[in-house]
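Student: run04.cif is reproduced in full below (mmCIF, C-alpha atoms).
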data_query
#
loop_
_atom_site.group_PDB
_atom_site.id
_atom_site.type_symbol
_atom_site.label_atom_id
_atom_site.label_comp_id
_atom_site.auth_asym_id
_atom_site.auth_seq_id
_atom_site.Cartn_x
_atom_site.Cartn_y
_atom_site.Cartn_z
ATOM 1 C CA MET A 1 2.414 -43.113 -143.520
ATOM 2 C CA ILE A 2 3.436 -46.469 -142.001
ATOM 3 C CA MET A 3 5.775 -44.849 -139.457
ATOM 4 C CA ARG A 4 3.344 -42.054 -138.597
ATOM 5 C CA THR A 5 0.528 -44.545 -137.970
ATOM 6 C CA VAL A 6 2.648 -46.830 -135.770
ATOM 7 C CA ARG A 7 4.090 -43.918 -133.781
ATOM 8 C CA ASN A 8 0.581 -42.653 -133.026
ATOM 9 C CA GLN A 9 -0.883 -46.093 -132.270
ATOM 10 C CA ALA A 10 1.583 -48.830 -131.342
ATOM 11 C CA ARG A 11 -1.160 -51.487 -131.383
ATOM 12 C CA THR A 12 -1.754 -51.070 -135.118
ATOM 13 C CA THR A 13 -1.699 -54.453 -136.878
ATOM 14 C CA TRP A 14 -0.187 -55.352 -140.243
ATOM 15 C CA GLU A 15 -3.712 -55.843 -141.580
ATOM 16 C CA ASP A 16 -4.644 -52.329 -140.428
ATOM 17 C CA LEU A 17 -1.665 -50.873 -142.293
ATOM 18 C CA VAL A 18 -2.397 -52.853 -145.459
ATOM 19 C CA ASN A 19 -6.024 -51.649 -145.430
ATOM 20 C CA ASP A 20 -5.098 -48.024 -144.638
ATOM 21 C CA LEU A 21 -2.583 -47.913 -147.505
ATOM 22 C CA LYS A 22 -5.041 -49.606 -149.848
ATOM 23 C CA ALA A 23 -7.655 -46.968 -148.967
ATOM 24 C CA ALA A 24 -5.035 -44.308 -149.767
ATOM 25 C CA GLY A 25 -4.511 -45.903 -153.207
ATOM 26 C CA THR A 26 -1.300 -47.881 -152.533
ATOM 27 C CA ILE A 27 -1.002 -51.682 -152.528
ATOM 28 C CA VAL A 28 1.709 -52.847 -150.110
ATOM 29 C CA THR A 29 2.273 -56.393 -148.826
ATOM 30 C CA LYS A 30 2.654 -57.420 -145.176
ATOM 31 C CA LYS A 31 6.236 -58.456 -145.902
ATOM 32 C CA THR A 32 7.127 -54.995 -147.226
ATOM 33 C CA ILE A 33 5.511 -53.352 -144.196
ATOM 34 C CA GLY A 34 7.432 -55.671 -141.847
ATOM 35 C CA ASN A 35 10.724 -54.956 -143.631
ATOM 36 C CA THR A 36 10.051 -51.213 -143.478
ATOM 37 C CA LEU A 37 9.344 -51.238 -139.750
ATOM 38 C CA ARG A 38 12.371 -53.427 -138.968
ATOM 39 C CA ARG A 39 14.575 -51.112 -141.030
ATOM 40 C CA GLU A 40 13.365 -48.273 -138.809
ATOM 41 C CA GLY A 41 14.378 -50.262 -135.706
ATOM 42 C CA LEU A 42 10.893 -51.479 -134.772
ATOM 43 C CA LYS A 43 9.830 -55.097 -134.183
ATOM 44 C CA SER A 44 6.602 -56.812 -133.233
ATOM 45 C CA CYS A 45 6.581 -57.767 -129.531
ATOM 46 C CA SER A 46 4.049 -58.977 -126.994
ATOM 47 C CA ALA A 47 2.672 -55.971 -125.117
ATOM 48 C CA ARG A 48 3.790 -55.996 -121.478
ATOM 49 C CA LYS A 49 0.939 -56.191 -118.980
ATOM 50 C CA VAL A 50 1.109 -53.377 -116.439
ATOM 51 C CA PRO A 51 -1.213 -52.182 -113.652
ATOM 52 C CA LEU A 52 -3.822 -49.584 -114.595
ATOM 53 C CA LEU A 53 -2.532 -46.235 -113.323
ATOM 54 C CA LYS A 54 -4.859 -43.396 -112.327
ATOM 55 C CA LYS A 55 -3.690 -39.803 -111.766
ATOM 56 C CA ALA A 56 -3.355 -40.383 -108.022
ATOM 57 C CA HIS A 57 -1.145 -43.438 -108.635
ATOM 58 C CA ILE A 58 1.093 -41.521 -111.044
ATOM 59 C CA HIS A 59 1.433 -38.647 -108.559
ATOM 60 C CA ALA A 60 2.285 -41.044 -105.692
ATOM 61 C CA ARG A 61 4.862 -42.904 -107.818
ATOM 62 C CA LEU A 62 6.583 -39.652 -108.829
ATOM 63 C CA LYS A 63 6.546 -38.442 -105.227
ATOM 64 C CA PHE A 64 8.137 -41.705 -104.030
ATOM 65 C CA ALA A 65 10.777 -41.662 -106.786
ATOM 66 C CA ASN A 66 11.759 -38.037 -106.192
ATOM 67 C CA GLU A 67 11.839 -38.361 -102.395
ATOM 68 C CA HIS A 68 14.105 -41.425 -102.515
ATOM 69 C CA LEU A 69 16.174 -40.624 -105.610
ATOM 70 C CA ASN A 70 19.203 -39.498 -103.619
ATOM 71 C CA ASP A 71 18.967 -42.143 -100.881
ATOM 72 C CA SER A 72 22.254 -43.954 -100.393
ATOM 73 C CA GLU A 73 22.636 -47.646 -101.194
ATOM 74 C CA ASP A 74 22.981 -48.245 -97.427
ATOM 75 C CA ASN A 75 19.359 -47.121 -97.019
ATOM 76 C CA TRP A 76 18.111 -49.818 -99.413
ATOM 77 C CA VAL A 77 20.324 -52.450 -97.778
ATOM 78 C CA LYS A 78 18.205 -51.972 -94.634
ATOM 79 C CA VAL A 79 14.960 -52.827 -96.466
ATOM 80 C CA LEU A 80 13.337 -56.255 -96.204
ATOM 81 C CA TRP A 81 11.233 -56.577 -99.383
ATOM 82 C CA SER A 82 8.148 -58.810 -99.487
ATOM 83 C CA ASP A 83 5.337 -59.895 -101.779
ATOM 84 C CA GLU A 84 2.994 -62.728 -102.744
ATOM 85 C CA THR A 85 2.965 -64.656 -106.012
ATOM 86 C CA LYS A 86 1.302 -67.687 -107.595
ATOM 87 C CA MET A 87 3.407 -70.650 -108.664
ATOM 88 C CA GLU A 88 1.781 -72.787 -111.366
ATOM 89 C CA LEU A 89 1.812 -76.565 -110.834
ATOM 90 C CA PHE A 90 2.646 -77.295 -114.460
ATOM 91 C CA GLY A 91 5.163 -74.570 -115.232
ATOM 92 C CA ILE A 92 5.170 -70.878 -116.082
ATOM 93 C CA ASN A 93 1.552 -70.094 -117.033
ATOM 94 C CA SER A 94 1.212 -73.789 -117.901
ATOM 95 C CA THR A 95 2.586 -73.163 -121.390
ATOM 96 C CA ARG A 96 5.144 -75.412 -123.061
ATOM 97 C CA ARG A 97 6.014 -76.220 -126.680
ATOM 98 C CA VAL A 98 6.574 -79.800 -127.864
ATOM 99 C CA TRP A 99 7.889 -81.535 -130.962
ATOM 100 C CA ARG A 100 5.256 -84.016 -132.186
ATOM 101 C CA ARG A 101 3.841 -85.735 -135.236
ATOM 102 C CA ARG A 102 0.632 -84.482 -136.828
ATOM 103 C CA ASN A 103 -1.678 -87.122 -135.313
ATOM 104 C CA ALA A 104 -0.070 -87.302 -131.873
ATOM 105 C CA ALA A 105 -1.536 -84.183 -130.269
ATOM 106 C CA TYR A 106 -3.147 -86.119 -127.417
ATOM 107 C CA ASP A 107 -0.337 -88.558 -126.749
ATOM 108 C CA PRO A 108 0.299 -88.112 -122.963
ATOM 109 C CA LYS A 109 3.940 -87.218 -123.538
ATOM 110 C CA ASN A 110 2.809 -84.318 -125.760
ATOM 111 C CA THR A 111 0.297 -82.818 -123.341
ATOM 112 C CA ILE A 112 0.327 -80.820 -120.104
ATOM 113 C CA PRO A 113 -2.212 -81.929 -117.472
ATOM 114 C CA THR A 114 -4.496 -79.191 -116.161
ATOM 115 C CA VAL A 115 -6.783 -78.904 -113.157
ATOM 116 C CA LYS A 116 -9.938 -76.811 -112.993
ATOM 117 C CA HIS A 117 -9.211 -75.197 -109.631
ATOM 118 C CA GLY A 118 -6.156 -74.950 -107.400
ATOM 119 C CA GLY A 119 -3.579 -75.365 -110.165
ATOM 120 C CA GLY A 120 -0.796 -73.807 -108.130
ATOM 121 C CA ASN A 121 0.485 -72.495 -104.830
ATOM 122 C CA MET A 122 0.181 -68.955 -103.545
ATOM 123 C CA LEU A 123 3.440 -68.012 -101.864
ATOM 124 C CA TRP A 124 4.625 -65.260 -99.541
ATOM 125 C CA GLY A 125 8.321 -64.467 -99.530
ATOM 126 C CA CYS A 126 10.851 -61.826 -98.574
ATOM 127 C CA PHE A 127 14.452 -60.903 -99.291
ATOM 128 C CA SER A 128 17.089 -58.277 -98.594
ATOM 129 C CA ALA A 129 20.441 -57.318 -100.086
ATOM 130 C CA LYS A 130 21.913 -60.150 -97.994
ATOM 131 C CA GLY A 131 19.819 -62.931 -99.530
ATOM 132 C CA THR A 132 16.423 -64.612 -99.552
ATOM 133 C CA GLY A 133 14.332 -64.878 -96.401
ATOM 134 C CA GLN A 134 11.678 -67.482 -95.638
ATOM 135 C CA LEU A 135 9.188 -68.668 -98.254
ATOM 136 C CA HIS A 136 5.711 -69.569 -97.029
ATOM 137 C CA ARG A 137 2.902 -71.417 -98.807
ATOM 138 C CA ILE A 138 -0.467 -69.712 -98.355
ATOM 139 C CA LYS A 139 -3.168 -72.329 -97.860
ATOM 140 C CA GLY A 140 -6.689 -71.199 -98.619
ATOM 141 C CA THR A 141 -7.806 -67.602 -99.023
ATOM 142 C CA MET A 142 -5.623 -65.171 -97.137
ATOM 143 C CA ASP A 143 -7.310 -62.584 -94.923
ATOM 144 C CA GLY A 144 -5.829 -60.041 -92.530
ATOM 145 C CA ALA A 145 -5.578 -62.531 -89.646
ATOM 146 C CA MET A 146 -3.758 -65.090 -91.802
ATOM 147 C CA TYR A 147 -1.423 -62.391 -93.122
ATOM 148 C CA ARG A 148 -0.464 -61.370 -89.585
ATOM 149 C CA GLN A 149 0.139 -65.021 -88.720
ATOM 150 C CA ILE A 150 2.407 -65.374 -91.779
ATOM 151 C CA LEU A 151 4.358 -62.291 -90.710
ATOM 152 C CA GLY A 152 4.665 -63.606 -87.159
ATOM 153 C CA GLU A 153 6.019 -66.959 -88.327
ATOM 154 C CA ASN A 154 8.219 -65.717 -91.172
ATOM 155 C CA LEU A 155 9.042 -61.998 -91.112
ATOM 156 C CA LEU A 156 10.923 -61.684 -87.826
ATOM 157 C CA PRO A 157 12.775 -65.019 -88.242
ATOM 158 C CA SER A 158 13.850 -63.845 -91.718
ATOM 159 C CA ALA A 159 15.075 -60.521 -90.340
ATOM 160 C CA ARG A 160 17.132 -62.357 -87.715
ATOM 161 C CA ALA A 161 18.520 -64.919 -90.192
ATOM 162 C CA LEU A 162 19.542 -62.163 -92.625
ATOM 163 C CA LYS A 163 21.134 -60.190 -89.751
ATOM 164 C CA MET A 164 19.186 -57.049 -90.642
ATOM 165 C CA GLY A 165 20.318 -55.364 -87.423
ATOM 166 C CA ARG A 166 18.756 -52.269 -85.885
ATOM 167 C CA GLY A 167 16.750 -49.818 -87.949
ATOM 168 C CA TRP A 168 15.659 -52.199 -90.703
ATOM 169 C CA VAL A 169 12.554 -51.309 -92.700
ATOM 170 C CA PHE A 170 9.760 -53.600 -93.903
ATOM 171 C CA GLN A 171 8.298 -53.199 -97.394
ATOM 172 C CA HIS A 172 4.925 -54.522 -98.473
ATOM 173 C CA ASP A 173 2.370 -53.150 -100.933
ATOM 174 C CA ASN A 174 -0.979 -51.520 -100.192
ATOM 175 C CA ASP A 175 -3.144 -54.615 -100.396
ATOM 176 C CA PRO A 176 -6.085 -54.109 -97.969
ATOM 177 C CA LYS A 177 -4.896 -57.077 -95.877
ATOM 178 C CA HIS A 178 -1.578 -55.271 -95.423
ATOM 179 C CA THR A 179 -3.014 -51.866 -94.556
ATOM 180 C CA VAL A 180 -5.992 -52.844 -92.398
ATOM 181 C CA LYS A 181 -5.930 -51.289 -88.909
ATOM 182 C CA ALA A 182 -5.228 -54.585 -87.122
ATOM 183 C CA THR A 183 -2.168 -55.252 -89.269
ATOM 184 C CA LYS A 184 -0.845 -51.709 -88.759
ATOM 185 C CA GLU A 185 -1.271 -52.113 -84.996
ATOM 186 C CA TRP A 186 0.483 -55.509 -85.083
ATOM 187 C CA LEU A 187 3.478 -54.026 -86.918
ATOM 188 C CA LYS A 188 3.589 -51.072 -84.522
ATOM 189 C CA LYS A 189 3.441 -53.392 -81.493
ATOM 190 C CA LYS A 190 6.389 -55.358 -82.906
ATOM 191 C CA HIS A 191 8.288 -52.056 -83.479
ATOM 192 C CA ILE A 192 8.568 -52.759 -87.218
ATOM 193 C CA LYS A 193 9.085 -49.668 -89.347
ATOM 194 C CA VAL A 194 7.188 -49.813 -92.664
ATOM 195 C CA LEU A 195 8.294 -48.209 -95.925
ATOM 196 C CA GLU A 196 5.602 -45.875 -97.282
ATOM 197 C CA TRP A 197 4.652 -47.405 -100.627
ATOM 198 C CA PRO A 198 2.913 -46.057 -103.768
ATOM 199 C CA SER A 199 0.000 -48.212 -104.937
ATOM 200 C CA GLN A 200 0.077 -50.050 -108.275
ATOM 201 C CA SER A 201 3.882 -50.218 -108.270
ATOM 202 C CA PRO A 202 5.124 -53.812 -108.616
ATOM 203 C CA ASP A 203 7.880 -52.489 -110.905
ATOM 204 C CA LEU A 204 9.384 -50.688 -107.915
ATOM 205 C CA ASN A 205 9.649 -53.906 -105.914
ATOM 206 C CA PRO A 206 12.806 -55.855 -106.856
ATOM 207 C CA ILE A 207 11.315 -59.080 -105.482
ATOM 208 C CA GLU A 208 9.433 -59.315 -108.811
ATOM 209 C CA ASN A 209 12.782 -60.188 -110.416
ATOM 210 C CA LEU A 210 13.300 -62.947 -107.876
ATOM 211 C CA TRP A 211 9.819 -64.355 -108.493
ATOM 212 C CA ARG A 212 10.688 -64.622 -112.180
ATOM 213 C CA GLU A 213 13.987 -66.305 -111.349
ATOM 214 C CA LEU A 214 12.192 -68.753 -109.052
ATOM 215 C CA LYS A 215 9.577 -69.622 -111.682
ATOM 216 C CA VAL A 216 12.242 -70.299 -114.296
ATOM 217 C CA ARG A 217 14.091 -72.586 -111.870
ATOM 218 C CA VAL A 218 10.935 -74.422 -110.759
ATOM 219 C CA ALA A 219 9.783 -74.930 -114.377
ATOM 220 C CA LYS A 220 12.803 -77.210 -114.905
ATOM 221 C CA HIS A 221 11.315 -79.691 -112.416
ATOM 222 C CA GLN A 222 8.336 -82.012 -112.775
ATOM 223 C CA SER A 223 6.055 -81.359 -109.797
ATOM 224 C CA ARG A 224 3.680 -84.262 -109.084
ATOM 225 C CA ASN A 225 1.328 -82.353 -106.761
ATOM 226 C CA LEU A 226 1.039 -79.151 -104.734
ATOM 227 C CA ASN A 227 3.082 -80.487 -101.808
ATOM 228 C CA ASP A 228 5.846 -81.503 -104.195
ATOM 229 C CA LEU A 229 5.663 -78.046 -105.799
ATOM 230 C CA GLU A 230 5.987 -76.373 -102.382
ATOM 231 C CA LYS A 231 9.090 -78.446 -101.568
ATOM 232 C CA ILE A 232 10.726 -77.609 -104.928
ATOM 233 C CA CYS A 233 9.889 -73.902 -104.570
ATOM 234 C CA LYS A 234 11.514 -73.705 -101.129
ATOM 235 C CA GLU A 235 14.600 -75.610 -102.289
ATOM 236 C CA GLU A 236 15.074 -73.383 -105.335
ATOM 237 C CA TRP A 237 14.328 -70.192 -103.358
ATOM 238 C CA ASP A 238 17.137 -71.058 -100.952
ATOM 239 C CA LYS A 239 19.497 -71.644 -103.889
ATOM 240 C CA ILE A 240 19.089 -68.122 -105.308
ATOM 241 C CA PRO A 241 22.556 -66.610 -104.787
ATOM 242 C CA PRO A 242 22.932 -63.686 -102.355
ATOM 243 C CA GLU A 243 24.899 -61.898 -105.101
ATOM 244 C CA MET A 244 21.719 -61.665 -107.200
ATOM 245 C CA CYS A 245 19.829 -60.146 -104.265
ATOM 246 C CA ALA A 246 22.648 -57.674 -103.575
ATOM 247 C CA ASN A 247 22.777 -56.643 -107.234
ATOM 248 C CA LEU A 248 19.021 -55.930 -107.366
ATOM 249 C CA VAL A 249 19.314 -53.641 -104.346
ATOM 250 C CA ALA A 250 22.536 -51.977 -105.560
ATOM 251 C CA ASN A 251 20.780 -50.989 -108.808
ATOM 252 C CA TYR A 252 17.583 -49.770 -107.152
ATOM 253 C CA LYS A 253 18.162 -46.134 -108.124
ATOM 254 C CA LYS A 254 17.670 -47.100 -111.793
ATOM 255 C CA ARG A 255 14.035 -47.959 -111.050
ATOM 256 C CA LEU A 256 13.445 -44.517 -109.584
ATOM 257 C CA THR A 257 15.116 -42.681 -112.468
ATOM 258 C CA SER A 258 13.050 -44.751 -114.895
ATOM 259 C CA VAL A 259 9.777 -43.791 -113.173
ATOM 260 C CA ILE A 260 10.789 -40.102 -113.292
ATOM 261 C CA ALA A 261 11.871 -40.355 -116.939
ATOM 262 C CA ASN A 262 8.494 -41.965 -117.785
ATOM 263 C CA LYS A 263 6.620 -39.231 -115.886
ATOM 264 C CA GLY A 264 5.227 -41.625 -113.315
ATOM 265 C CA PHE A 265 4.403 -44.458 -115.675
#
Now, as a test, write the supplied structure out as structure tokens.

Tutor:
Amino acid sequence: MIMRTVRNQARTTWEDLVNDLKAAGTIVTKKTIGNTLRREGLKSCSARKVPLLKKAHIHARLKFANEHLNDSEDNWVKVLWSDETKMELFGINSTRRVWRRRNAAYDPKNTIPTVKHGGGNMLWGCFSAKGTGQLHRIKGTMDGAMYRQILGENLLPSARALKMGRGWVFQHDNDPKHTVKATKEWLKKKHIKVLEWPSQSPDLNPIENLWRELKVRVAKHQSRNLNDLEKICKEEWDKIPPEMCANLVANYKKRLTSVIANKGF
């Protein structure tokens, strides 16, 4: 009954199982339930947060995966991947654990300062199989005009620095600022070819792995303010080894096979 319940509803809690078994006339402790599930190879984990996928998203993801499944690695080497992310001022999601005595919860050395608004930097970045491109701090709320300015100041210089050569392809997601008519015309005027992208698909963008790497590196520093955080982010971004970038691109096919195996999810 325990295994059947968990297989049908992975979010079932220990309390739910205890109550269900009790209603069925069997008294079982949480410890016994935990041991049973672990013996069957299951463990309690934090549920991963993923974008909400509608039928159209699933169809587009499967279409993308199937169309590109047999692309050679050389094809992906020509792609310049991009994205935006938020970097927290006081570490990854501002969460840290500390060793302290019972009555020392508010000792400054045992706390993490927080701010009500503006607790981090929004960043735009790009990379290819050859390494990281430029990293840009987004100041204020980004609109289409600001996005085009960021591309003008960072995209083409990154492509040149990474020696992308002829025929390189630009990847960005389907954020309205990216797909608005003025941005499309700007990219066309600059003769930049854009990779057709399925919406709600951050898992298909390998830059997500680099964002995680950057956040882990930055969390080891103590940033005093947003300008200090920007400086540290850029320094650590430049230190990410080209080998890591090359490896993410070399293994890109695994992402596509995973999407197909999960039927678009």

Student: Would you list the contacts of region 188-191 of chain A as a VMD selection string, taking every protein, DNA or RNA residue within 12 Å and counting only C-alpha atoms, but skipping same-chain residues closer than 2 positions in sequence?

Tutor: chain A and resid 148 151 to 152 155 to 156 166 to 170 181 to 186 193 to 194

Student: Which residues are near Trp211 (chain A)? Cut-off 10 Å, only C-alpha atoms, ignore same chain within fewer than 5 positions. Put them as a count of residues only.

Tutor: 11

Student: As a VMD selection string, please: the residues near Ile138 (chain A) (cut-off 10 Å, all atoms listed in the file, same-chain neighbours under 2 positions excluded).

Tutor: chain A and resid 84 to 86 121 to 124 135 to 136 140 to 142 146 to 147 150

Student: Translate the PyMOL selection byres ((chain A and resi 73) around 9) into a concrete residue list for this structure, as a PyMOL selection string.

Tutor: chain A and resi 71-72+74-77+249-253

Student: For this file, the PyMOL selection byres ((chain A and resi 202) around 12) selects which residues, as a count of residues only?

Tutor: 32

Student: From the options A:Leu89, A:Val28, A:Cys126, A:Leu17, which residue's atoms come nearest to Arg224 (chain A), counting all atoms listed in the file?

Tutor: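 Counting all atoms listed in the file, the residue closest to Arg224 (chain A) is A:Leu89.
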
Student: Do you know which residues are at most 12 Å from His221 (chain A) counting all atoms listed in the file, after dropping those on the same chain fewer than 4 positions away, and could you put them as a list of chain:residue names?

Tutor: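 Once the nearby chain positions are removed, what remains is A:Glu88, A:Leu89, A:Phe90, A:Gly91, A:Ile92, A:Leu214, A:Lys215, A:Val216, A:Arg217, A:Asn225, A:Asp228, A:Leu229, A:Glu230, A:Lys231, A:Ile232, A:Cys233, A:Glu235, A:Glu236.
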
Student: Using the chain letters and numbering of this document, enumerate as JSON, numbers by chain the residues selected by the PyMOL selection byres ((chain A and resi 42) around 12).

Tutor: {"A": [2, 3, 6, 7, 10, 33, 34, 35, 36, 37, 38, 39, 40, 41, 43, 44, 45]}

Student: Could you write out the selected residues, including C-alpha atoms, as a compact mmCIF listing (two decimals), in the coordinates of the input?

Tutor:
# COMPACT_ATOMS: atom_id res chain seq x y z
CA ILE A 2 3.44 -46.47 -142.00
CA MET A 3 5.78 -44.85 -139.46
CA VAL A 6 2.65 -46.83 -135.77
CA ARG A 7 4.09 -43.92 -133.78
CA ALA A 10 1.58 -48.83 -131.34
CA ILE A 33 5.51 -53.35 -144.20
CA GLY A 34 7.43 -55.67 -141.85
CA ASN A 35 10.72 -54.96 -143.63
CA THR A 36 10.05 -51.21 -143.48
CA LEU A 37 9.34 -51.24 -139.75
CA ARG A 38 12.37 -53.43 -138.97
CA ARG A 39 14.58 -51.11 -141.03
CA GLU A 40 13.36 -48.27 -138.81
CA GLY A 41 14.38 -50.26 -135.71
CA LYS A 43 9.83 -55.10 -134.18
CA SER A 44 6.60 -56.81 -133.23
CA CYS A 45 6.58 -57.77 -129.53

Student: How big is the axis-aligned box around all listed atoms of region 125-128 of chain A once 4 Å goes on each side, and where's its centre, in Å to one decimal, as JSON?

Tutor:
{"center_x": 12.7, "center_y": -61.4, "center_z": -99.1, "size_x": 16.8, "size_y": 14.2, "size_z": 9.0}

Student: Measure the distance from CA of Met244 (chain A) to CA of Lys130 (chain A) in Å and round it to one decimal.

Tutor: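 Computed distance, CA of Met244 (chain A) to CA of Lys130 (chain A), equals 9.3 Å.
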
Student: Using CA of Pro157 (chain A) and CA of Asn227 (chain A) as the two end points, give the distance in Å to one decimal.

Tutor: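 Between CA of Pro157 (chain A) and CA of Asn227 (chain A) the gap is 22.7 Å.
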
Student: Compare A:Ala145, A:Arg212, A:Glu196, A:Lys254 by their minimum atom-to-atom distance to Ala60 (chain A), counting all atoms listed in the file, and give me the closest one.

Tutor: A:Glu196

Student: Please indicate the distance in Å from CA of Val218 (chain A) to CA of Lys234 (chain A), rounded to one decimal place.

Tutor: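 So the two atoms, CA of Val218 (chain A) and CA of Lys234 (chain A), lie 9.7 Å apart.
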
Student: Pick from A:Thr179, A:Met1, A:Phe64, A:Asn8: nearest to Leu21 (chain A), with all atoms listed in the file counted?

Tutor: A:Met1

Student: Nearest to Trp14 (chain A) among A:Lys30, A:Lys78, A:Lys220, A:Lys163, with distances taken over all atoms listed in the file: which residue is it?

Tutor: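 Looking at the shortest contact to Trp14 (chain A), the residue is A:Lys30.
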